[in-house]
Amino acid sequence: MVEGHGSRDFLIAKAFGMARPDLFDTILDMFTAATIDHLSAQIAGGAEAVQLFDSWAGVLAEREFRRWVIAPTRRIAEALRATPSGNSA
């Protein structure tokens with residue numbers, strides 16, 4: 001969404017995240033909430049497994065990786081585990 005197209009290095013997204021961390025965090029929070037809603041619906045619909053893919057983890061420095069990948073992924077996993085049918089997520 002921020003990059004505007006596929007990318008190998010995500011320079012635009014990374015620069016935006018560094019320049020506007022407040023807005024970038026808001027966008028990540030929106031994606032996180034949407035992912036939780038989507039995966040919760042998949043689980044409620046009978047999915048036996050769900051999987052997250054991250055397309056930019058390999059191009060991030062450790063600090064950004066922890067903030068922009070690990071933290072949202074952790075929130076998603078915790079939210080799915082808290083749902084009645086997500087106990088084995």
# chains A, B, ... in the order shown; residues from 1 in each chain; ligands from 1
call {"tool": "residues_around", "arguments": {"residues": "Leu23 (chain A)", "least_positions_apart": "6", "cutoff": "12 Å", "atoms": "only C-alpha atoms", "output": "PyMOL selection string"}}
result
chain A and resi 2+13+16-17+29-30
call {"tool": "select_by_dssp", "arguments": {"residues": "region 20-73 of chain A", "states": "alpha helix (DSSP H)", "output": "JSON list (two decimals) with all heavy atoms, in the first residue's frame"}}
result
[["chain", "number", "residue", "atom", "x", "y", "z"],
["A", 21, "PRO", "N", 6.86, 7.63, 11.64],
["A", 21, "PRO", "CA", 6.60, 6.41, 12.42],
["A", 21, "PRO", "C", 5.20, 6.37, 13.03],
["A", 21, "PRO", "O", 4.61, 5.30, 13.14],
["A", 21, "PRO", "CB", 7.69, 6.42, 13.49],
["A", 21, "PRO", "CG", 8.19, 7.81, 13.54],
["A", 21, "PRO", "CD", 7.97, 8.40, 12.17],
["A", 22, "ASP", "N", 4.66, 7.53, 13.40],
["A", 22, "ASP", "CA", 3.31, 7.58, 13.97],
["A", 22, "ASP", "C", 2.27, 7.11, 12.96],
["A", 22, "ASP", "O", 1.42, 6.27, 13.27],
["A", 22, "ASP", "CB", 2.99, 8.98, 14.46],
["A", 22, "ASP", "CG", 3.14, 10.04, 13.37],
["A", 22, "ASP", "OD1", 4.00, 9.87, 12.46],
["A", 22, "ASP", "OD2", 2.41, 11.05, 13.41],
["A", 23, "LEU", "N", 2.33, 7.63, 11.76],
["A", 23, "LEU", "CA", 1.38, 7.25, 10.72],
["A", 23, "LEU", "C", 1.62, 5.81, 10.25],
["A", 23, "LEU", "O", 0.68, 5.06, 10.02],
["A", 23, "LEU", "CB", 1.46, 8.23, 9.54],
["A", 23, "LEU", "CG", 0.48, 8.03, 8.41],
["A", 23, "LEU", "CD1", -0.97, 8.01, 8.92],
["A", 23, "LEU", "CD2", 0.65, 9.13, 7.37],
["A", 24, "PHE", "N", 2.88, 5.44, 10.15],
["A", 24, "PHE", "CA", 3.21, 4.08, 9.73],
["A", 24, "PHE", "C", 2.68, 3.06, 10.75],
["A", 24, "PHE", "O", 2.13, 2.03, 10.37],
["A", 24, "PHE", "CB", 4.72, 3.94, 9.54],
["A", 24, "PHE", "CG", 5.13, 2.77, 8.71],
["A", 24, "PHE", "CD1", 4.84, 2.71, 7.36],
["A", 24, "PHE", "CD2", 5.82, 1.72, 9.28],
["A", 24, "PHE", "CE1", 5.22, 1.63, 6.58],
["A", 24, "PHE", "CE2", 6.21, 0.63, 8.52],
["A", 24, "PHE", "CZ", 5.91, 0.58, 7.17],
["A", 25, "ASP", "N", 2.84, 3.37, 12.03],
["A", 25, "ASP", "CA", 2.30, 2.48, 13.07],
["A", 25, "ASP", "C", 0.78, 2.37, 12.96],
["A", 25, "ASP", "O", 0.21, 1.30, 13.16],
["A", 25, "ASP", "CB", 2.69, 2.98, 14.46],
["A", 25, "ASP", "CG", 4.14, 2.70, 14.80],
["A", 25, "ASP", "OD1", 4.78, 1.88, 14.11],
["A", 25, "ASP", "OD2", 4.63, 3.31, 15.76],
["A", 26, "THR", "N", 0.12, 3.48, 12.63],
["A", 26, "THR", "CA", -1.34, 3.45, 12.45],
["A", 26, "THR", "C", -1.71, 2.53, 11.29],
["A", 26, "THR", "O", -2.65, 1.73, 11.40],
["A", 26, "THR", "CB", -1.88, 4.87, 12.20],
["A", 26, "THR", "OG1", -1.59, 5.67, 13.36],
["A", 26, "THR", "CG2", -3.37, 4.86, 11.94],
["A", 27, "ILE", "N", -0.98, 2.62, 10.20],
["A", 27, "ILE", "CA", -1.23, 1.75, 9.04],
["A", 27, "ILE", "C", -1.00, 0.29, 9.43],
["A", 27, "ILE", "O", -1.81, -0.59, 9.11],
["A", 27, "ILE", "CB", -0.36, 2.16, 7.85],
["A", 27, "ILE", "CG1", -0.80, 3.54, 7.33],
["A", 27, "ILE", "CG2", -0.41, 1.11, 6.73],
["A", 27, "ILE", "CD1", 0.15, 4.16, 6.34],
["A", 28, "LEU", "N", 0.10, 0.01, 10.13],
["A", 28, "LEU", "CA", 0.37, -1.36, 10.56],
["A", 28, "LEU", "C", -0.71, -1.87, 11.50],
["A", 28, "LEU", "O", -1.10, -3.04, 11.42],
["A", 28, "LEU", "CB", 1.74, -1.45, 11.22],
["A", 28, "LEU", "CG", 2.94, -1.40, 10.29],
["A", 28, "LEU", "CD1", 4.23, -1.42, 11.10],
["A", 28, "LEU", "CD2", 2.92, -2.54, 9.30],
["A", 29, "ASP", "N", -1.21, -1.01, 12.37],
["A", 29, "ASP", "CA", -2.29, -1.40, 13.27],
["A", 29, "ASP", "C", -3.55, -1.76, 12.48],
["A", 29, "ASP", "O", -4.26, -2.71, 12.82],
["A", 29, "ASP", "CB", -2.59, -0.29, 14.27],
["A", 29, "ASP", "CG", -1.52, -0.14, 15.34],
["A", 29, "ASP", "OD1", -0.70, -1.07, 15.51],
["A", 29, "ASP", "OD2", -1.50, 0.92, 16.00],
["A", 30, "MET", "N", -3.82, -1.00, 11.43],
["A", 30, "MET", "CA", -4.98, -1.29, 10.58],
["A", 30, "MET", "C", -4.82, -2.64, 9.88],
["A", 30, "MET", "O", -5.76, -3.44, 9.83],
["A", 30, "MET", "CB", -5.18, -0.18, 9.55],
["A", 30, "MET", "CG", -5.63, 1.13, 10.16],
["A", 30, "MET", "SD", -5.60, 2.53, 9.02],
["A", 30, "MET", "CE", -6.51, 1.92, 7.62],
["A", 31, "PHE", "N", -3.63, -2.89, 9.34],
["A", 31, "PHE", "CA", -3.36, -4.18, 8.70],
["A", 31, "PHE", "C", -3.45, -5.33, 9.70],
["A", 31, "PHE", "O", -3.98, -6.39, 9.39],
["A", 31, "PHE", "CB", -1.97, -4.21, 8.06],
["A", 31, "PHE", "CG", -1.88, -3.48, 6.76],
["A", 31, "PHE", "CD1", -0.76, -2.73, 6.47],
["A", 31, "PHE", "CD2", -2.87, -3.57, 5.81],
["A", 31, "PHE", "CE1", -0.64, -2.05, 5.27],
["A", 31, "PHE", "CE2", -2.77, -2.90, 4.60],
["A", 31, "PHE", "CZ", -1.65, -2.15, 4.33],
["A", 32, "THR", "N", -2.94, -5.10, 10.90],
["A", 32, "THR", "CA", -2.98, -6.13, 11.94],
["A", 32, "THR", "C", -4.42, -6.46, 12.29],
["A", 32, "THR", "O", -4.80, -7.64, 12.35],
["A", 32, "THR", "CB", -2.19, -5.66, 13.17],
["A", 32, "THR", "OG1", -0.83, -5.43, 12.79],
["A", 32, "THR", "CG2", -2.24, -6.69, 14.28],
["A", 33, "ALA", "N", -5.24, -5.45, 12.52],
["A", 33, "ALA", "CA", -6.65, -5.67, 12.85],
["A", 33, "ALA", "C", -7.38, -6.39, 11.71],
["A", 33, "ALA", "O", -8.17, -7.32, 11.95],
["A", 33, "ALA", "CB", -7.33, -4.35, 13.18],
["A", 34, "ALA", "N", -7.12, -5.97, 10.47],
["A", 34, "ALA", "CA", -7.77, -6.61, 9.32],
["A", 34, "ALA", "C", -7.33, -8.07, 9.20],
["A", 34, "ALA", "O", -8.14, -8.95, 8.87],
["A", 34, "ALA", "CB", -7.45, -5.85, 8.05],
["A", 35, "THR", "N", -6.07, -8.34, 9.47],
["A", 35, "THR", "CA", -5.56, -9.71, 9.40],
["A", 35, "THR", "C", -6.19, -10.57, 10.49],
["A", 35, "THR", "O", -6.59, -11.71, 10.23],
["A", 35, "THR", "CB", -4.02, -9.72, 9.53],
["A", 35, "THR", "OG1", -3.47, -8.95, 8.45],
["A", 35, "THR", "CG2", -3.46, -11.13, 9.48],
["A", 36, "ILE", "N", -6.32, -10.02, 11.68],
["A", 36, "ILE", "CA", -6.98, -10.76, 12.77],
["A", 36, "ILE", "C", -8.42, -11.08, 12.38],
["A", 36, "ILE", "O", -8.87, -12.22, 12.54],
["A", 36, "ILE", "CB", -6.91, -9.96, 14.08],
["A", 36, "ILE", "CG1", -5.47, -9.91, 14.59],
["A", 36, "ILE", "CG2", -7.86, -10.56, 15.13],
["A", 36, "ILE", "CD1", -5.24, -8.89, 15.70],
["A", 37, "ASP", "N", -9.13, -10.10, 11.86],
["A", 37, "ASP", "CA", -10.53, -10.33, 11.45],
["A", 37, "ASP", "C", -10.61, -11.40, 10.36],
["A", 37, "ASP", "O", -11.45, -12.30, 10.42],
["A", 37, "ASP", "CB", -11.16, -9.03, 10.94],
["A", 37, "ASP", "CG", -11.43, -8.02, 12.03],
["A", 37, "ASP", "OD1", -11.36, -8.38, 13.23],
["A", 37, "ASP", "OD2", -11.68, -6.84, 11.69],
["A", 38, "HIS", "N", -9.74, -11.28, 9.37],
["A", 38, "HIS", "CA", -9.77, -12.23, 8.24],
["A", 38, "HIS", "C", -9.44, -13.64, 8.70],
["A", 38, "HIS", "O", -10.15, -14.60, 8.36],
["A", 38, "HIS", "CB", -8.80, -11.76, 7.15],
["A", 38, "HIS", "CG", -8.73, -12.70, 5.99],
["A", 38, "HIS", "ND1", -9.73, -12.79, 5.05],
["A", 38, "HIS", "CD2", -7.79, -13.60, 5.63],
["A", 38, "HIS", "CE1", -9.40, -13.71, 4.16],
["A", 38, "HIS", "NE2", -8.22, -14.22, 4.49],
["A", 39, "LEU", "N", -8.36, -13.79, 9.45],
["A", 39, "LEU", "CA", -7.96, -15.13, 9.88],
["A", 39, "LEU", "C", -8.96, -15.71, 10.88],
["A", 39, "LEU", "O", -9.22, -16.92, 10.85],
["A", 39, "LEU", "CB", -6.55, -15.11, 10.46],
["A", 39, "LEU", "CG", -5.44, -14.78, 9.46],
["A", 39, "LEU", "CD1", -4.09, -14.77, 10.16],
["A", 39, "LEU", "CD2", -5.45, -15.74, 8.28],
["A", 40, "SER", "N", -9.54, -14.87, 11.73],
["A", 40, "SER", "CA", -10.58, -15.35, 12.65],
["A", 40, "SER", "C", -11.77, -15.90, 11.87],
["A", 40, "SER", "O", -12.33, -16.94, 12.24],
["A", 40, "SER", "CB", -11.03, -14.22, 13.58],
["A", 40, "SER", "OG", -9.99, -13.83, 14.44],
["A", 41, "ALA", "N", -12.14, -15.20, 10.81],
["A", 41, "ALA", "CA", -13.25, -15.68, 9.98],
["A", 41, "ALA", "C", -12.88, -16.98, 9.28],
["A", 41, "ALA", "O", -13.73, -17.89, 9.15],
["A", 41, "ALA", "CB", -13.63, -14.61, 8.95],
["A", 42, "GLN", "N", -11.64, -17.10, 8.84],
["A", 42, "GLN", "CA", -11.20, -18.35, 8.20],
["A", 42, "GLN", "C", -11.28, -19.51, 9.20],
["A", 42, "GLN", "O", -11.74, -20.60, 8.86],
["A", 42, "GLN", "CB", -9.76, -18.20, 7.70],
["A", 42, "GLN", "CG", -9.61, -17.24, 6.55],
["A", 42, "GLN", "CD", -10.25, -17.76, 5.28],
["A", 42, "GLN", "OE1", -10.06, -18.92, 4.91],
["A", 42, "GLN", "NE2", -11.03, -16.93, 4.62],
["A", 43, "ILE", "N", -10.82, -19.27, 10.42],
["A", 43, "ILE", "CA", -10.85, -20.31, 11.45],
["A", 43, "ILE", "C", -12.29, -20.66, 11.81],
["A", 43, "ILE", "O", -12.65, -21.83, 11.89],
["A", 43, "ILE", "CB", -10.05, -19.86, 12.69],
["A", 43, "ILE", "CG1", -8.56, -19.77, 12.34],
["A", 43, "ILE", "CG2", -10.30, -20.80, 13.87],
["A", 43, "ILE", "CD1", -7.71, -19.05, 13.38],
["A", 44, "ALA", "N", -13.12, -19.64, 11.98],
["A", 44, "ALA", "CA", -14.53, -19.88, 12.29],
["A", 44, "ALA", "C", -15.22, -20.64, 11.16],
["A", 44, "ALA", "O", -16.15, -21.41, 11.40],
["A", 44, "ALA", "CB", -15.25, -18.55, 12.54],
["A", 62, "GLU", "N", 17.37, -5.22, 12.12],
["A", 62, "GLU", "CA", 16.79, -5.92, 13.27],
["A", 62, "GLU", "C", 15.77, -5.08, 14.02],
["A", 62, "GLU", "O", 14.69, -5.57, 14.39],
["A", 62, "GLU", "CB", 17.88, -6.38, 14.24],
["A", 62, "GLU", "CG", 17.32, -7.19, 15.38],
["A", 62, "GLU", "CD", 18.38, -7.76, 16.30],
["A", 62, "GLU", "OE1", 19.57, -7.77, 15.94],
["A", 62, "GLU", "OE2", 18.00, -8.18, 17.40],
["A", 63, "ARG", "N", 16.05, -3.81, 14.24],
["A", 63, "ARG", "CA", 15.12, -2.94, 14.98],
["A", 63, "ARG", "C", 13.78, -2.83, 14.27],
["A", 63, "ARG", "O", 12.72, -2.96, 14.88],
["A", 63, "ARG", "CB", 15.75, -1.56, 15.14],
["A", 63, "ARG", "CG", 14.86, -0.58, 15.85],
["A", 63, "ARG", "CD", 15.60, 0.74, 16.08],
["A", 63, "ARG", "NE", 14.70, 1.71, 16.65],
["A", 63, "ARG", "CZ", 14.52, 2.92, 16.16],
["A", 63, "ARG", "NH1", 15.20, 3.34, 15.13],
["A", 63, "ARG", "NH2", 13.67, 3.75, 16.74],
["A", 64, "GLU", "N", 13.82, -2.58, 12.97],
["A", 64, "GLU", "CA", 12.59, -2.47, 12.19],
["A", 64, "GLU", "C", 11.89, -3.82, 12.08],
["A", 64, "GLU", "O", 10.67, -3.90, 12.11],
["A", 64, "GLU", "CB", 12.86, -1.89, 10.81],
["A", 64, "GLU", "CG", 13.20, -0.42, 10.82],
["A", 64, "GLU", "CD", 14.61, -0.11, 11.31],
["A", 64, "GLU", "OE1", 15.51, -0.97, 11.16],
["A", 64, "GLU", "OE2", 14.81, 0.99, 11.86],
["A", 65, "PHE", "N", 12.66, -4.88, 11.96],
["A", 65, "PHE", "CA", 12.09, -6.22, 11.89],
["A", 65, "PHE", "C", 11.27, -6.50, 13.15],
["A", 65, "PHE", "O", 10.15, -6.98, 13.09],
["A", 65, "PHE", "CB", 13.20, -7.26, 11.71],
["A", 65, "PHE", "CG", 12.73, -8.67, 11.75],
["A", 65, "PHE", "CD1", 12.04, -9.21, 10.67],
["A", 65, "PHE", "CD2", 12.98, -9.47, 12.84],
["A", 65, "PHE", "CE1", 11.60, -10.54, 10.69],
["A", 65, "PHE", "CE2", 12.55, -10.79, 12.88],
["A", 65, "PHE", "CZ", 11.86, -11.32, 11.81],
["A", 71, "ALA", "N", 6.33, -7.63, 16.26],
["A", 71, "ALA", "CA", 5.27, -7.11, 17.13],
["A", 71, "ALA", "C", 3.87, -7.32, 16.54],
["A", 71, "ALA", "O", 2.98, -7.84, 17.24],
["A", 71, "ALA", "CB", 5.52, -5.64, 17.47],
["A", 72, "PRO", "N", 3.63, -6.97, 15.26],
["A", 72, "PRO", "CA", 2.29, -7.22, 14.72],
["A", 72, "PRO", "C", 1.97, -8.72, 14.63],
["A", 72, "PRO", "O", 0.83, -9.12, 14.90],
["A", 72, "PRO", "CB", 2.35, -6.61, 13.31],
["A", 72, "PRO", "CG", 3.45, -5.61, 13.37],
["A", 72, "PRO", "CD", 4.44, -6.17, 14.34],
["A", 73, "THR", "N", 2.95, -9.53, 14.29],
["A", 73, "THR", "CA", 2.72, -10.97, 14.21],
["A", 73, "THR", "C", 2.36, -11.53, 15.57],
["A", 73, "THR", "O", 1.46, -12.37, 15.70],
["A", 73, "THR", "CB", 3.96, -11.68, 13.63],
["A", 73, "THR", "OG1", 4.23, -11.16, 12.33],
["A", 73, "THR", "CG2", 3.75, -13.18, 13.55]]
call {"tool": "atom_distance", "arguments": {"atom1": "CA of Gln51 (chain A)", "atom2": "CA of Phe10 (chain A)"}}
result
22.1 Å
call {"tool": "atom_distance", "arguments": {"atom1": "CA of Val59 (chain A)", "atom2": "CA of Asp9 (chain A)"}}
result
6.1 Å
call {"tool": "decode", "arguments": {"residues": "chain A", "atoms": "C-alpha atoms", "output": "PDB file, in the first residue's frame"}}
result
ATOM      1  CA  MET A   1       0.000   0.000   0.000  1.00  0.00           C
ATOM      2  CA  VAL A   2       2.753   2.457   0.916  1.00  0.00           C
ATOM      3  CA  GLU A   3       5.147   1.268  -1.778  1.00  0.00           C
ATOM      4  CA  GLY A   4       2.470   1.407  -4.481  1.00  0.00           C
ATOM      5  CA  HIS A   5       3.775  -1.696  -6.275  1.00  0.00           C
ATOM      6  CA  GLY A   6       5.843  -4.800  -5.681  1.00  0.00           C
ATOM      7  CA  SER A   7       9.414  -4.256  -4.618  1.00  0.00           C
ATOM      8  CA  ARG A   8      12.581  -6.154  -3.821  1.00  0.00           C
ATOM      9  CA  ASP A   9      13.925  -3.613  -1.323  1.00  0.00           C
ATOM     10  CA  PHE A  10      10.848  -1.660  -0.131  1.00  0.00           C
ATOM     11  CA  LEU A  11      12.834   1.572  -0.029  1.00  0.00           C
ATOM     12  CA  ILE A  12       9.745   3.781  -0.228  1.00  0.00           C
ATOM     13  CA  ALA A  13       7.944   1.941   2.578  1.00  0.00           C
ATOM     14  CA  LYS A  14      11.028   1.871   4.803  1.00  0.00           C
ATOM     15  CA  ALA A  15      11.690   5.575   4.227  1.00  0.00           C
ATOM     16  CA  PHE A  16       8.068   6.382   5.012  1.00  0.00           C
ATOM     17  CA  GLY A  17       8.207   4.301   8.200  1.00  0.00           C
ATOM     18  CA  MET A  18      11.316   6.165   9.325  1.00  0.00           C
ATOM     19  CA  ALA A  19       9.989   9.614   8.379  1.00  0.00           C
ATOM     20  CA  ARG A  20       6.451   9.134   9.765  1.00  0.00           C
ATOM     21  CA  PRO A  21       6.598   6.411  12.418  1.00  0.00           C
ATOM     22  CA  ASP A  22       3.313   7.576  13.970  1.00  0.00           C
ATOM     23  CA  LEU A  23       1.377   7.251  10.717  1.00  0.00           C
ATOM     24  CA  PHE A  24       3.213   4.078   9.728  1.00  0.00           C
ATOM     25  CA  ASP A  25       2.297   2.484  13.066  1.00  0.00           C
ATOM     26  CA  THR A  26      -1.341   3.452  12.452  1.00  0.00           C
ATOM     27  CA  ILE A  27      -1.233   1.747   9.044  1.00  0.00           C
ATOM     28  CA  LEU A  28       0.371  -1.362  10.556  1.00  0.00           C
ATOM     29  CA  ASP A  29      -2.291  -1.400  13.272  1.00  0.00           C
ATOM     30  CA  MET A  30      -4.982  -1.292  10.576  1.00  0.00           C
ATOM     31  CA  PHE A  31      -3.357  -4.185   8.702  1.00  0.00           C
ATOM     32  CA  THR A  32      -2.979  -6.127  11.940  1.00  0.00           C
ATOM     33  CA  ALA A  33      -6.652  -5.674  12.850  1.00  0.00           C
ATOM     34  CA  ALA A  34      -7.765  -6.614   9.324  1.00  0.00           C
ATOM     35  CA  THR A  35      -5.556  -9.708   9.399  1.00  0.00           C
ATOM     36  CA  ILE A  36      -6.980 -10.756  12.766  1.00  0.00           C
ATOM     37  CA  ASP A  37     -10.529 -10.327  11.447  1.00  0.00           C
ATOM     38  CA  HIS A  38      -9.773 -12.225   8.240  1.00  0.00           C
ATOM     39  CA  LEU A  39      -7.962 -15.129   9.882  1.00  0.00           C
ATOM     40  CA  SER A  40     -10.578 -15.348  12.654  1.00  0.00           C
ATOM     41  CA  ALA A  41     -13.246 -15.681   9.979  1.00  0.00           C
ATOM     42  CA  GLN A  42     -11.198 -18.353   8.202  1.00  0.00           C
ATOM     43  CA  ILE A  43     -10.850 -20.307  11.452  1.00  0.00           C
ATOM     44  CA  ALA A  44     -14.535 -19.881  12.290  1.00  0.00           C
ATOM     45  CA  GLY A  45     -15.310 -21.131   8.786  1.00  0.00           C
ATOM     46  CA  GLY A  46     -13.456 -24.367   9.445  1.00  0.00           C
ATOM     47  CA  ALA A  47      -9.881 -23.709   8.365  1.00  0.00           C
ATOM     48  CA  GLU A  48      -7.634 -26.198  10.106  1.00  0.00           C
ATOM     49  CA  ALA A  49      -4.532 -24.086   9.573  1.00  0.00           C
ATOM     50  CA  VAL A  50      -3.696 -20.500   8.702  1.00  0.00           C
ATOM     51  CA  GLN A  51      -0.327 -19.084   7.743  1.00  0.00           C
ATOM     52  CA  LEU A  52       1.181 -15.604   7.685  1.00  0.00           C
ATOM     53  CA  PHE A  53       3.657 -14.534   5.023  1.00  0.00           C
ATOM     54  CA  ASP A  54       5.843 -11.487   5.273  1.00  0.00           C
ATOM     55  CA  SER A  55       7.357 -10.190   2.067  1.00  0.00           C
ATOM     56  CA  TRP A  56       9.848  -7.732   3.481  1.00  0.00           C
ATOM     57  CA  ALA A  57      11.311  -9.257   6.632  1.00  0.00           C
ATOM     58  CA  GLY A  58      14.549 -10.097   4.813  1.00  0.00           C
ATOM     59  CA  VAL A  59      15.268  -6.474   3.894  1.00  0.00           C
ATOM     60  CA  LEU A  60      14.731  -4.931   7.323  1.00  0.00           C
ATOM     61  CA  ALA A  61      17.301  -4.105   9.960  1.00  0.00           C
ATOM     62  CA  GLU A  62      16.791  -5.923  13.269  1.00  0.00           C
ATOM     63  CA  ARG A  63      15.125  -2.940  14.981  1.00  0.00           C
ATOM     64  CA  GLU A  64      12.587  -2.466  12.188  1.00  0.00           C
ATOM     65  CA  PHE A  65      12.089  -6.223  11.892  1.00  0.00           C
ATOM     66  CA  ARG A  66      11.126  -6.417  15.565  1.00  0.00           C
ATOM     67  CA  ARG A  67       8.840  -3.367  15.373  1.00  0.00           C
ATOM     68  CA  TRP A  68       7.227  -3.877  11.972  1.00  0.00           C
ATOM     69  CA  VAL A  69       7.135  -7.685  11.730  1.00  0.00           C
ATOM     70  CA  ILE A  70       7.538  -9.413  15.088  1.00  0.00           C
ATOM     71  CA  ALA A  71       5.272  -7.110  17.133  1.00  0.00           C
ATOM     72  CA  PRO A  72       2.294  -7.225  14.715  1.00  0.00           C
ATOM     73  CA  THR A  73       2.720 -10.972  14.206  1.00  0.00           C
ATOM     74  CA  ARG A  74       2.726 -11.491  17.957  1.00  0.00           C
ATOM     75  CA  ARG A  75      -0.491  -9.435  18.298  1.00  0.00           C
ATOM     76  CA  ILE A  76      -2.126 -11.506  15.546  1.00  0.00           C
ATOM     77  CA  ALA A  77      -1.122 -14.816  17.134  1.00  0.00           C
ATOM     78  CA  GLU A  78      -2.270 -13.705  20.598  1.00  0.00           C
ATOM     79  CA  ALA A  79      -5.628 -12.525  19.252  1.00  0.00           C
ATOM     80  CA  LEU A  80      -6.199 -15.784  17.370  1.00  0.00           C
ATOM     81  CA  ARG A  81      -5.289 -17.844  20.417  1.00  0.00           C
ATOM     82  CA  ALA A  82      -7.844 -15.859  22.438  1.00  0.00           C
ATOM     83  CA  THR A  83     -10.706 -16.835  20.112  1.00  0.00           C
ATOM     84  CA  PRO A  84     -12.766 -19.907  21.062  1.00  0.00           C
ATOM     85  CA  SER A  85     -11.792 -21.858  17.944  1.00  0.00           C
ATOM     86  CA  GLY A  86      -8.222 -20.557  17.807  1.00  0.00           C
ATOM     87  CA  ASN A  87      -6.857 -22.386  20.817  1.00  0.00           C
ATOM     88  CA  SER A  88      -4.366 -24.318  18.694  1.00  0.00           C
ATOM     89  CA  ALA A  89      -3.287 -21.336  16.529  1.00  0.00           C
TER      90      ALA A  89
END
